[in-house]
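In what follows, a single structure is set out as structure tokens and then discussed.
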Amino acid sequence: MTEVRVPAGWPATPEAARAEQDRLRPLVDLVGPGPTAPRLVAGLDVAYAEDGDRLAAAVVVLDAASLTVVDAAVAVGRVAFGYVPGLFAFRELPALLDALDRLTAPPDLLVCDGHGLAHPRRFGLACHLGVLTGLPAIGVGKTPLTGTWDPPASPRGSWSDLRDGADTVGRVLRTRDGVKPVFVSVGHRMGLDNATDQVLALSPDYRLPETTRAADRMCRQALAGQVGRVSPR
DNA sequence: GCGACAG
DNA sequence: ATCTTGTCGC
């Protein structure tokens, strides 16, 4: 499999990365409301090798009605940036975009593993991916990055606002009765109500959306298949 | 100044 | 993210 290359001009310092976020942030579409009944929903996730250098990015497309896999693509490469909270997207973006390019057809919605607007500068991975692809995107995080909230009620479907300063940047959503909630936020071309509905519909049986679960499995197996291999020459 | 900090 | 055993509960 071909190795993903980091694009020329990719930010090399935190300062350059923040400048890039500031440049792209105005391009985010916060109006939405986005597709109410998307047919093709993509889940994106990345797995890292133990050395923390190699990674595999997977995009799995599900038929939203049946939640069955209809398309998928994977890309392997190397980490494109050091891990810095708030600049997380710069690590995985090249590999994720490469995988997206390999899909048969563009999906109607991207479900990202990480936050969108629920970010210190309102430009998390889901916003970044949305702007670069032009596709509707939402972020689903397992743990918070910024903001405060009250615990949502126990029943599945309950939620509370995720607020950061004067902004409502997302929603803390219970996808399973009595189970730790997930953090939903808008990425691009989506409204928060719609994003919440989509995440609930994608999570009928487990805490995380089926899209995320499918992508997680795929990138892990792809990484396992890379063990011991040397970068192609 | 001191913590907290997506994956 | 990843390293990791057992354990409680449906």
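Chains: A, B, ... in order of the structure tokens. Residues: from 1 per chain. Ligands: from 1, in order shown.
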>> Could you tell me which residues of chain A sit within 9 Å of chain B when counting only C-alpha atoms (C1' of nucleotides), and give me the result as a PyMOL selection string?
In response: chain A and resi 46-47+83-86+88-89+113-115+119+124-125+141-146
Quick one: write out the picked residues with N, CA and C atoms as an mmCIF file, in the first residue's frame?
data_model
loop_
_atom_site.group_PDB
_atom_site.id
_atom_site.type_symbol
_atom_site.label_atom_id
_atom_site.label_comp_id
_atom_site.auth_asym_id
_atom_site.auth_seq_id
_atom_site.Cartn_x
_atom_site.Cartn_y
_atom_site.Cartn_z
ATOM 1 N N VAL A 46 -8.611 7.019 13.298
ATOM 2 C CA VAL A 46 -7.200 6.739 13.071
ATOM 3 C C VAL A 46 -6.648 5.898 14.225
ATOM 4 N N ALA A 47 -5.765 4.981 13.890
ATOM 5 C CA ALA A 47 -5.100 4.162 14.922
ATOM 6 C C ALA A 47 -3.607 4.411 14.796
ATOM 7 N N TYR A 83 1.542 15.891 18.864
ATOM 8 C CA TYR A 83 0.240 16.026 19.523
ATOM 9 C C TYR A 83 0.215 17.248 20.421
ATOM 10 N N VAL A 84 -0.656 18.178 20.063
ATOM 11 C CA VAL A 84 -0.873 19.373 20.859
ATOM 12 C C VAL A 84 -2.387 19.557 20.961
ATOM 13 N N PRO A 85 -2.934 19.540 22.178
ATOM 14 C CA PRO A 85 -4.374 19.723 22.325
ATOM 15 C C PRO A 85 -4.798 21.004 21.608
ATOM 16 N N GLY A 86 -5.808 20.892 20.763
ATOM 17 C CA GLY A 86 -6.260 22.060 20.012
ATOM 18 C C GLY A 86 -5.693 22.070 18.598
ATOM 19 N N PHE A 88 -4.821 18.984 17.233
ATOM 20 C CA PHE A 88 -4.895 17.560 16.973
ATOM 21 C C PHE A 88 -5.126 17.217 15.499
ATOM 22 N N ALA A 89 -5.927 18.002 14.814
ATOM 23 C CA ALA A 89 -6.275 17.699 13.421
ATOM 24 C C ALA A 89 -5.064 17.616 12.495
ATOM 25 N N ASP A 113 -14.165 11.520 14.676
ATOM 26 C CA ASP A 113 -13.777 11.088 16.006
ATOM 27 C C ASP A 113 -12.994 12.235 16.651
ATOM 28 N N GLY A 114 -13.711 13.130 17.282
ATOM 29 C CA GLY A 114 -13.097 14.330 17.847
ATOM 30 C C GLY A 114 -14.130 15.458 17.780
ATOM 31 N N HIS A 115 -13.737 16.653 18.155
ATOM 32 C CA HIS A 115 -14.695 17.762 18.193
ATOM 33 C C HIS A 115 -14.713 18.647 16.953
ATOM 34 N N HIS A 119 -14.222 23.530 20.529
ATOM 35 C CA HIS A 119 -12.774 23.678 20.454
ATOM 36 C C HIS A 119 -12.410 25.088 20.925
ATOM 37 N N GLY A 124 -12.247 22.660 15.492
ATOM 38 C CA GLY A 124 -11.716 21.322 15.718
ATOM 39 C C GLY A 124 -11.666 20.511 14.434
ATOM 40 N N LEU A 125 -11.242 19.266 14.568
ATOM 41 C CA LEU A 125 -11.080 18.368 13.425
ATOM 42 C C LEU A 125 -12.304 18.307 12.504
ATOM 43 N N GLY A 141 -17.029 13.475 20.254
ATOM 44 C CA GLY A 141 -15.886 13.224 21.112
ATOM 45 C C GLY A 141 -16.247 12.344 22.296
ATOM 46 N N LYS A 142 -15.293 11.539 22.747
ATOM 47 C CA LYS A 142 -15.537 10.667 23.894
ATOM 48 C C LYS A 142 -15.238 11.393 25.202
ATOM 49 N N THR A 143 -14.372 12.377 25.142
ATOM 50 C CA THR A 143 -14.026 13.162 26.333
ATOM 51 C C THR A 143 -14.015 14.642 25.944
ATOM 52 N N PRO A 144 -14.218 15.542 26.911
ATOM 53 C CA PRO A 144 -14.284 16.976 26.615
ATOM 54 C C PRO A 144 -12.919 17.590 26.333
ATOM 55 N N LEU A 145 -12.933 18.666 25.584
ATOM 56 C CA LEU A 145 -11.704 19.412 25.306
ATOM 57 C C LEU A 145 -11.836 20.787 25.922
ATOM 58 N N THR A 146 -13.015 21.350 25.793
ATOM 59 C CA THR A 146 -13.267 22.682 26.353
ATOM 60 C C THR A 146 -14.742 22.788 26.717
#
> What residues in chain C lie within 9 Å of chain A, counting only C-alpha atoms (C1' of nucleotides), written as a PyMOL selection string?
Replying inline: chain C and resi 1-3
Keeping all heavy atoms for every residue in the selection just given, could you write it to a file as an mmCIF file, in the first residue's frame?
data_model
loop_
_atom_site.group_PDB
_atom_site.id
_atom_site.type_symbol
_atom_site.label_atom_id
_atom_site.label_comp_id
_atom_site.auth_asym_id
_atom_site.auth_seq_id
_atom_site.Cartn_x
_atom_site.Cartn_y
_atom_site.Cartn_z
ATOM 1 P P DA C 1 -8.581 6.486 22.010
ATOM 2 O OP1 DA C 1 -8.625 5.061 21.936
ATOM 3 O OP2 DA C 1 -9.601 7.393 21.659
ATOM 4 O "O5'" DA C 1 -7.176 7.043 21.553
ATOM 5 C "C5'" DA C 1 -7.003 7.381 20.216
ATOM 6 C "C4'" DA C 1 -5.661 6.908 19.712
ATOM 7 O "O4'" DA C 1 -4.661 7.842 20.201
ATOM 8 C "C3'" DA C 1 -5.284 5.537 20.277
ATOM 9 O "O3'" DA C 1 -4.772 4.631 19.303
ATOM 10 C "C2'" DA C 1 -4.231 5.818 21.310
ATOM 11 C "C1'" DA C 1 -3.721 7.198 21.009
ATOM 12 N N9 DA C 1 -3.661 7.930 22.255
ATOM 13 C C8 DA C 1 -4.697 8.529 22.925
ATOM 14 N N7 DA C 1 -4.340 9.037 24.078
ATOM 15 C C5 DA C 1 -2.991 8.756 24.176
ATOM 16 C C6 DA C 1 -2.041 9.013 25.159
ATOM 17 N N6 DA C 1 -2.333 9.650 26.295
ATOM 18 N N1 DA C 1 -0.786 8.575 24.942
ATOM 19 C C2 DA C 1 -0.519 7.916 23.802
ATOM 20 N N3 DA C 1 -1.335 7.623 22.809
ATOM 21 C C4 DA C 1 -2.557 8.070 23.057
ATOM 22 P P DT C 2 -5.001 3.071 19.684
ATOM 23 O OP1 DT C 2 -4.870 2.316 18.411
ATOM 24 O OP2 DT C 2 -6.212 2.918 20.518
ATOM 25 O "O5'" DT C 2 -3.750 2.749 20.595
ATOM 26 C "C5'" DT C 2 -2.439 3.075 20.133
ATOM 27 C "C4'" DT C 2 -1.429 2.553 21.142
ATOM 28 O "O4'" DT C 2 -1.236 3.553 22.173
ATOM 29 C "C3'" DT C 2 -1.924 1.280 21.853
ATOM 30 O "O3'" DT C 2 -0.869 0.345 21.957
ATOM 31 C "C2'" DT C 2 -2.341 1.770 23.238
ATOM 32 C "C1'" DT C 2 -1.435 2.964 23.443
ATOM 33 N N1 DT C 2 -2.012 4.005 24.317
ATOM 34 C C2 DT C 2 -1.175 4.619 25.230
ATOM 35 O O2 DT C 2 0.013 4.352 25.339
ATOM 36 N N3 DT C 2 -1.795 5.557 26.012
ATOM 37 C C4 DT C 2 -3.111 5.931 25.980
ATOM 38 O O4 DT C 2 -3.526 6.795 26.750
ATOM 39 C C5 DT C 2 -3.930 5.260 25.000
ATOM 40 C C7 DT C 2 -5.392 5.617 24.870
ATOM 41 C C6 DT C 2 -3.343 4.349 24.220
ATOM 42 P P DC C 3 -1.249 -1.076 22.577
ATOM 43 O OP1 DC C 3 -0.589 -2.109 21.739
ATOM 44 O OP2 DC C 3 -2.703 -1.128 22.821
ATOM 45 O "O5'" DC C 3 -0.496 -1.011 23.973
ATOM 46 C "C5'" DC C 3 0.813 -0.433 24.044
ATOM 47 C "C4'" DC C 3 1.366 -0.635 25.443
ATOM 48 O "O4'" DC C 3 0.979 0.470 26.285
ATOM 49 C "C3'" DC C 3 0.864 -1.903 26.148
ATOM 50 O "O3'" DC C 3 1.936 -2.481 26.909
ATOM 51 C "C2'" DC C 3 -0.220 -1.377 27.072
ATOM 52 C "C1'" DC C 3 0.314 0.004 27.432
ATOM 53 N N1 DC C 3 -0.714 1.016 27.769
ATOM 54 C C2 DC C 3 -0.348 2.065 28.612
ATOM 55 O O2 DC C 3 0.813 2.123 29.051
ATOM 56 N N3 DC C 3 -1.279 2.982 28.939
ATOM 57 C C4 DC C 3 -2.530 2.888 28.436
ATOM 58 N N4 DC C 3 -3.402 3.822 28.790
ATOM 59 C C5 DC C 3 -2.906 1.828 27.553
ATOM 60 C C6 DC C 3 -1.973 0.931 27.246
#
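Reported to one decimal place, the separation of CA of Ala72 in chain A from CA of Val59 in chain A is 5.6 Å.
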>> So that I can check the secondary structure, give me every residue of range 9-205 of chain A assigned alpha helix (DSSP H) by backbone DSSP, as a PyMOL selection string.
In response: chain A and resi 14-24+89-101+125-133+192-202
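The spacing separating CA of Ala17 in chain A from CA of Arg171 in chain A amounts to 26.4 Å.
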>> Going by DSSP on the backbone, which residues of chain A come out as strand (DSSP E or B)? List them as a count of residues only.
In response: 64
>> Residues near Asp63 in chain A, anyone? I mean within 10 Å using only C-alpha atoms (C1' of nucleotides), not counting same-chain ones fewer than 4 positions away, as number ranges by chain.
In response: A: 38-42, 67-71, 107, 211
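Near Arg207 in chain A, within 7 Å and counting only C-alpha atoms (C1' of nucleotides), sit Thr175, Arg176 and Ser203 of chain A, not including residues fewer than 4 positions from it in the same chain.
Take CA of Met190 in chain A and CA of Gly43 in chain A: the distance between them is 15.8 Å.
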>> Env of Arg121 in chain A: 12 Å cut, atoms = only C-alpha atoms (C1' of nucleotides), seq-sep filter 3 positions within chain, self excluded. Answer as a list of chain:residue names.
In response: A:Ala17, A:Arg18, A:Ala19, A:Glu20, A:Gln21, A:Asp22, A:Arg23, A:Leu24, A:Arg25, A:Pro26, A:Pro85, A:Gly86, A:Leu87, A:His115, A:Gly116, A:Leu117, A:Ala118, A:Gly124, A:Leu125, A:Cys127, A:His128, A:Leu145, A:Thr146, A:Gly147, A:Asp164, A:Gly165, A:Asp167, A:Val169
